[in-house]
Amino acid sequence: MPKTHTVYDDPDTDRQFEVFQSEPKSVLWMAEEDGVVLGSCGVFPTDGLPKGWCEIVKFHMDKRARGKGIGSLLFEKALVSAQEFDYSTASLRLSRNSAVLSECTNGTASTANNGDITLVDDKVTEVTKK
């Protein structure tokens, strides 16, 4: 699996708290149980996106927490946050087929392998394969 454009080559990986704290129109939602992080999903105005766009970032779920609706709740909270920050479009980049994304979009994006998904008003409006 290539490690470029992933958490492995992101210079901000080890300083997520500071990165999200320094950007007022960003948020990172976390789900935890008994002190164990089950998943995360955030909103960030990533450089290079068109005006009014944000990116859904750090969307991860522990395998043991999948299928319980936790990812769906985190995804929904991120989209509500994007709307509250007045973003018009939220974009989610995929590096591989995502079970989490499939769950959160009721299966509509399950075949989006190596593509970008554009979400407008919390609905998948475009899936572009790469």
# chains A, B, ... in the order shown; residues from 1 in each chain; ligands from 1
call {"tool": "residues_around", "arguments": {"residues": "Asp86 in chain A", "least_positions_apart": "5", "cutoff": "10 Å", "atoms": "only C-alpha atoms", "output": "JSON, numbers by chain"}}
result
{"A": [25, 52, 53, 54, 80, 81]}
call {"tool": "atom_distance", "arguments": {"atom1": "CA of Ile70 in chain A", "atom2": "CA of Gly35 in chain A"}}
result
15.5 Å
call {"tool": "residues_around", "arguments": {"residues": "range 44-51 of chain A", "least_positions_apart": "2", "cutoff": "8 Å", "atoms": "only C-alpha atoms", "output": "PyMOL selection string"}}
result
chain A and resi 20+23+25-27+42+53-57
call {"tool": "write_last_selection", "arguments": {"atoms": "C-alpha atoms", "output": "CSV table (one decimal), in the first residue's frame"}}
result
chain,number,residue,atom,x,y,z
A,20,PHE,CA,-7.4,21.5,15.0
A,23,GLU,CA,-8.1,26.4,12.8
A,25,LYS,CA,-13.4,26.4,11.3
A,26,SER,CA,-12.4,22.8,12.1
A,27,VAL,CA,-13.4,20.1,14.5
A,42,GLY,CA,-13.4,15.6,11.5
A,53,TRP,CA,-15.2,23.6,0.6
A,54,CYS,CA,-13.9,21.6,3.5
A,55,GLU,CA,-12.6,18.1,3.7
A,56,ILE,CA,-13.8,15.2,5.9
A,57,VAL,CA,-10.6,14.2,7.6
call {"tool": "select_by_dssp", "arguments": {"residues": "range 17-81 of chain A", "states": "helix (DSSP H, G or I)", "output": "number ranges by chain"}}
result
A: 17-22, 63-65, 70-81
call {"tool": "write_last_selection", "arguments": {"atoms": "C-alpha atoms", "output": "PDB file, in the first residue's frame"}}
result
ATOM      1  CA  PHE A  17      -4.584  18.639  18.790  1.00  0.00           C
ATOM      2  CA  GLU A  18      -2.620  21.781  17.919  1.00  0.00           C
ATOM      3  CA  VAL A  19      -3.627  21.665  14.248  1.00  0.00           C
ATOM      4  CA  PHE A  20      -7.357  21.521  14.997  1.00  0.00           C
ATOM      5  CA  GLN A  21      -7.073  24.082  17.817  1.00  0.00           C
ATOM      6  CA  SER A  22      -5.336  26.567  15.506  1.00  0.00           C
ATOM      7  CA  LYS A  63     -12.590  -2.774  13.472  1.00  0.00           C
ATOM      8  CA  ARG A  64     -14.226  -3.896  16.712  1.00  0.00           C
ATOM      9  CA  ALA A  65     -16.536  -0.856  16.665  1.00  0.00           C
ATOM     10  CA  ILE A  70     -20.825   4.733  15.618  1.00  0.00           C
ATOM     11  CA  GLY A  71     -19.211   5.691  12.310  1.00  0.00           C
ATOM     12  CA  SER A  72     -22.557   6.934  11.041  1.00  0.00           C
ATOM     13  CA  LEU A  73     -22.953   9.157  14.095  1.00  0.00           C
ATOM     14  CA  LEU A  74     -19.440  10.573  13.764  1.00  0.00           C
ATOM     15  CA  PHE A  75     -19.948  11.189  10.046  1.00  0.00           C
ATOM     16  CA  GLU A  76     -23.271  12.931  10.713  1.00  0.00           C
ATOM     17  CA  LYS A  77     -21.689  15.121  13.412  1.00  0.00           C
ATOM     18  CA  ALA A  78     -18.926  16.108  10.989  1.00  0.00           C
ATOM     19  CA  LEU A  79     -21.452  17.058   8.296  1.00  0.00           C
ATOM     20  CA  VAL A  80     -23.521  19.092  10.760  1.00  0.00           C
ATOM     21  CA  SER A  81     -20.325  20.840  11.856  1.00  0.00           C
TER      22      SER A  81
END
call {"tool": "closest_residue", "arguments": {"among": "A:Asp34, A:Met61, A:Pro24, A:Gln16", "to": "Ala82 in chain A", "atoms": "only C-alpha atoms"}}
result
A:Pro24
call {"tool": "decode", "arguments": {"residues": "range 35-76 of chain A", "atoms": "N, CA and C atoms", "output": "mmCIF file, in the first residue's frame"}}
result
data_model
loop_
_atom_site.group_PDB
_atom_site.id
_atom_site.type_symbol
_atom_site.label_atom_id
_atom_site.label_comp_id
_atom_site.auth_asym_id
_atom_site.auth_seq_id
_atom_site.Cartn_x
_atom_site.Cartn_y
_atom_site.Cartn_z
ATOM 1 N N GLY A 35 -12.535 4.833 28.018
ATOM 2 C CA GLY A 35 -11.202 5.359 27.777
ATOM 3 C C GLY A 35 -10.522 4.856 26.528
ATOM 4 N N VAL A 36 -11.197 4.028 25.736
ATOM 5 C CA VAL A 36 -10.633 3.489 24.501
ATOM 6 C C VAL A 36 -11.267 4.212 23.318
ATOM 7 N N VAL A 37 -10.436 4.788 22.445
ATOM 8 C CA VAL A 37 -10.943 5.479 21.259
ATOM 9 C C VAL A 37 -11.468 4.446 20.267
ATOM 10 N N LEU A 38 -12.736 4.628 19.860
ATOM 11 C CA LEU A 38 -13.374 3.723 18.907
ATOM 12 C C LEU A 38 -13.317 4.256 17.485
ATOM 13 N N GLY A 39 -13.276 5.583 17.354
ATOM 14 C CA GLY A 39 -13.241 6.160 16.022
ATOM 15 C C GLY A 39 -13.160 7.669 16.060
ATOM 16 N N SER A 40 -12.974 8.252 14.877
ATOM 17 C CA SER A 40 -12.897 9.701 14.751
ATOM 18 C C SER A 40 -13.382 10.134 13.383
ATOM 19 N N CYS A 41 -13.784 11.387 13.294
ATOM 20 C CA CYS A 41 -14.183 11.980 12.022
ATOM 21 C C CYS A 41 -14.165 13.490 12.207
ATOM 22 N N GLY A 42 -13.505 14.200 11.295
ATOM 23 C CA GLY A 42 -13.373 15.630 11.453
ATOM 24 C C GLY A 42 -13.647 16.419 10.196
ATOM 25 N N VAL A 43 -13.607 17.735 10.354
ATOM 26 C CA VAL A 43 -13.815 18.697 9.281
ATOM 27 C C VAL A 43 -12.625 19.645 9.306
ATOM 28 N N PHE A 44 -12.043 19.906 8.109
ATOM 29 C CA PHE A 44 -10.889 20.798 8.046
ATOM 30 C C PHE A 44 -10.856 21.494 6.692
ATOM 31 N N PRO A 45 -10.522 22.801 6.676
ATOM 32 C CA PRO A 45 -10.426 23.533 5.409
ATOM 33 C C PRO A 45 -9.072 23.279 4.737
ATOM 34 N N THR A 46 -8.905 22.130 4.173
ATOM 35 C CA THR A 46 -7.638 21.699 3.588
ATOM 36 C C THR A 46 -7.186 22.645 2.484
ATOM 37 N N ASP A 47 -5.899 22.975 2.481
ATOM 38 C CA ASP A 47 -5.324 23.822 1.431
ATOM 39 C C ASP A 47 -5.591 23.223 0.064
ATOM 40 N N GLY A 48 -5.907 24.086 -0.899
ATOM 41 C CA GLY A 48 -6.095 23.644 -2.274
ATOM 42 C C GLY A 48 -7.532 23.363 -2.657
ATOM 43 N N LEU A 49 -8.445 23.340 -1.691
ATOM 44 C CA LEU A 49 -9.853 23.117 -2.013
ATOM 45 C C LEU A 49 -10.488 24.425 -2.476
ATOM 46 N N PRO A 50 -11.539 24.338 -3.302
ATOM 47 C CA PRO A 50 -12.230 25.564 -3.723
ATOM 48 C C PRO A 50 -12.826 26.306 -2.529
ATOM 49 N N LYS A 51 -13.091 27.596 -2.726
ATOM 50 C CA LYS A 51 -13.690 28.417 -1.669
ATOM 51 C C LYS A 51 -15.021 27.808 -1.234
ATOM 52 N N GLY A 52 -15.235 27.758 0.084
ATOM 53 C CA GLY A 52 -16.472 27.210 0.625
ATOM 54 C C GLY A 52 -16.452 25.709 0.841
ATOM 55 N N TRP A 53 -15.357 25.063 0.484
ATOM 56 C CA TRP A 53 -15.238 23.621 0.648
ATOM 57 C C TRP A 53 -14.424 23.299 1.901
ATOM 58 N N CYS A 54 -14.734 22.144 2.472
ATOM 59 C CA CYS A 54 -13.904 21.578 3.531
ATOM 60 C C CYS A 54 -13.681 20.116 3.191
ATOM 61 N N GLU A 55 -12.814 19.493 3.944
ATOM 62 C CA GLU A 55 -12.552 18.066 3.749
ATOM 63 C C GLU A 55 -12.966 17.308 5.001
ATOM 64 N N ILE A 56 -13.584 16.159 4.811
ATOM 65 C CA ILE A 56 -13.836 15.236 5.911
ATOM 66 C C ILE A 56 -12.513 14.512 6.143
ATOM 67 N N VAL A 57 -11.967 14.654 7.341
ATOM 68 C CA VAL A 57 -10.619 14.153 7.618
ATOM 69 C C VAL A 57 -10.606 13.233 8.838
ATOM 70 N N LYS A 58 -9.542 12.461 8.927
ATOM 71 C CA LYS A 58 -9.289 11.595 10.094
ATOM 72 C C LYS A 58 -10.493 10.711 10.404
ATOM 73 N N PHE A 59 -11.103 10.190 9.339
ATOM 74 C CA PHE A 59 -12.281 9.330 9.482
ATOM 75 C C PHE A 59 -11.799 7.896 9.614
ATOM 76 N N HIS A 60 -11.745 7.449 10.847
ATOM 77 C CA HIS A 60 -11.228 6.109 11.150
ATOM 78 C C HIS A 60 -12.151 5.437 12.157
ATOM 79 N N MET A 61 -12.295 4.128 12.032
ATOM 80 C CA MET A 61 -13.055 3.341 13.003
ATOM 81 C C MET A 61 -12.260 2.093 13.358
ATOM 82 N N ASP A 62 -12.205 1.787 14.635
ATOM 83 C CA ASP A 62 -11.610 0.533 15.080
ATOM 84 C C ASP A 62 -12.469 -0.605 14.536
ATOM 85 N N LYS A 63 -11.845 -1.647 14.055
ATOM 86 C CA LYS A 63 -12.590 -2.774 13.472
ATOM 87 C C LYS A 63 -13.625 -3.343 14.435
ATOM 88 N N ARG A 64 -13.299 -3.334 15.721
ATOM 89 C CA ARG A 64 -14.226 -3.896 16.712
ATOM 90 C C ARG A 64 -15.459 -3.029 16.922
ATOM 91 N N ALA A 65 -15.410 -1.771 16.474
ATOM 92 C CA ALA A 65 -16.536 -0.856 16.665
ATOM 93 C C ALA A 65 -17.416 -0.739 15.416
ATOM 94 N N ARG A 66 -17.026 -1.381 14.343
ATOM 95 C CA ARG A 66 -17.791 -1.271 13.094
ATOM 96 C C ARG A 66 -19.101 -2.033 13.174
ATOM 97 N N GLY A 67 -20.070 -1.550 12.411
ATOM 98 C CA GLY A 67 -21.374 -2.210 12.351
ATOM 99 C C GLY A 67 -22.300 -1.851 13.499
ATOM 100 N N LYS A 68 -21.901 -0.893 14.309
ATOM 101 C CA LYS A 68 -22.704 -0.499 15.475
ATOM 102 C C LYS A 68 -23.327 0.883 15.305
ATOM 103 N N GLY A 69 -23.085 1.518 14.161
ATOM 104 C CA GLY A 69 -23.646 2.847 13.909
ATOM 105 C C GLY A 69 -22.808 3.992 14.442
ATOM 106 N N ILE A 70 -21.674 3.688 15.050
ATOM 107 C CA ILE A 70 -20.825 4.733 15.618
ATOM 108 C C ILE A 70 -20.224 5.590 14.505
ATOM 109 N N GLY A 71 -19.764 4.954 13.454
ATOM 110 C CA GLY A 71 -19.211 5.691 12.310
ATOM 111 C C GLY A 71 -20.252 6.604 11.684
ATOM 112 N N SER A 72 -21.471 6.117 11.594
ATOM 113 C CA SER A 72 -22.557 6.934 11.041
ATOM 114 C C SER A 72 -22.782 8.175 11.888
ATOM 115 N N LEU A 73 -22.761 8.014 13.203
ATOM 116 C CA LEU A 73 -22.953 9.157 14.095
ATOM 117 C C LEU A 73 -21.812 10.168 13.978
ATOM 118 N N LEU A 74 -20.584 9.676 13.918
ATOM 119 C CA LEU A 74 -19.440 10.573 13.764
ATOM 120 C C LEU A 74 -19.503 11.319 12.434
ATOM 121 N N PHE A 75 -19.843 10.598 11.378
ATOM 122 C CA PHE A 75 -19.948 11.189 10.046
ATOM 123 C C PHE A 75 -21.034 12.268 10.035
ATOM 124 N N GLU A 76 -22.175 11.972 10.637
ATOM 125 C CA GLU A 76 -23.271 12.931 10.713
ATOM 126 C C GLU A 76 -22.855 14.175 11.502
#
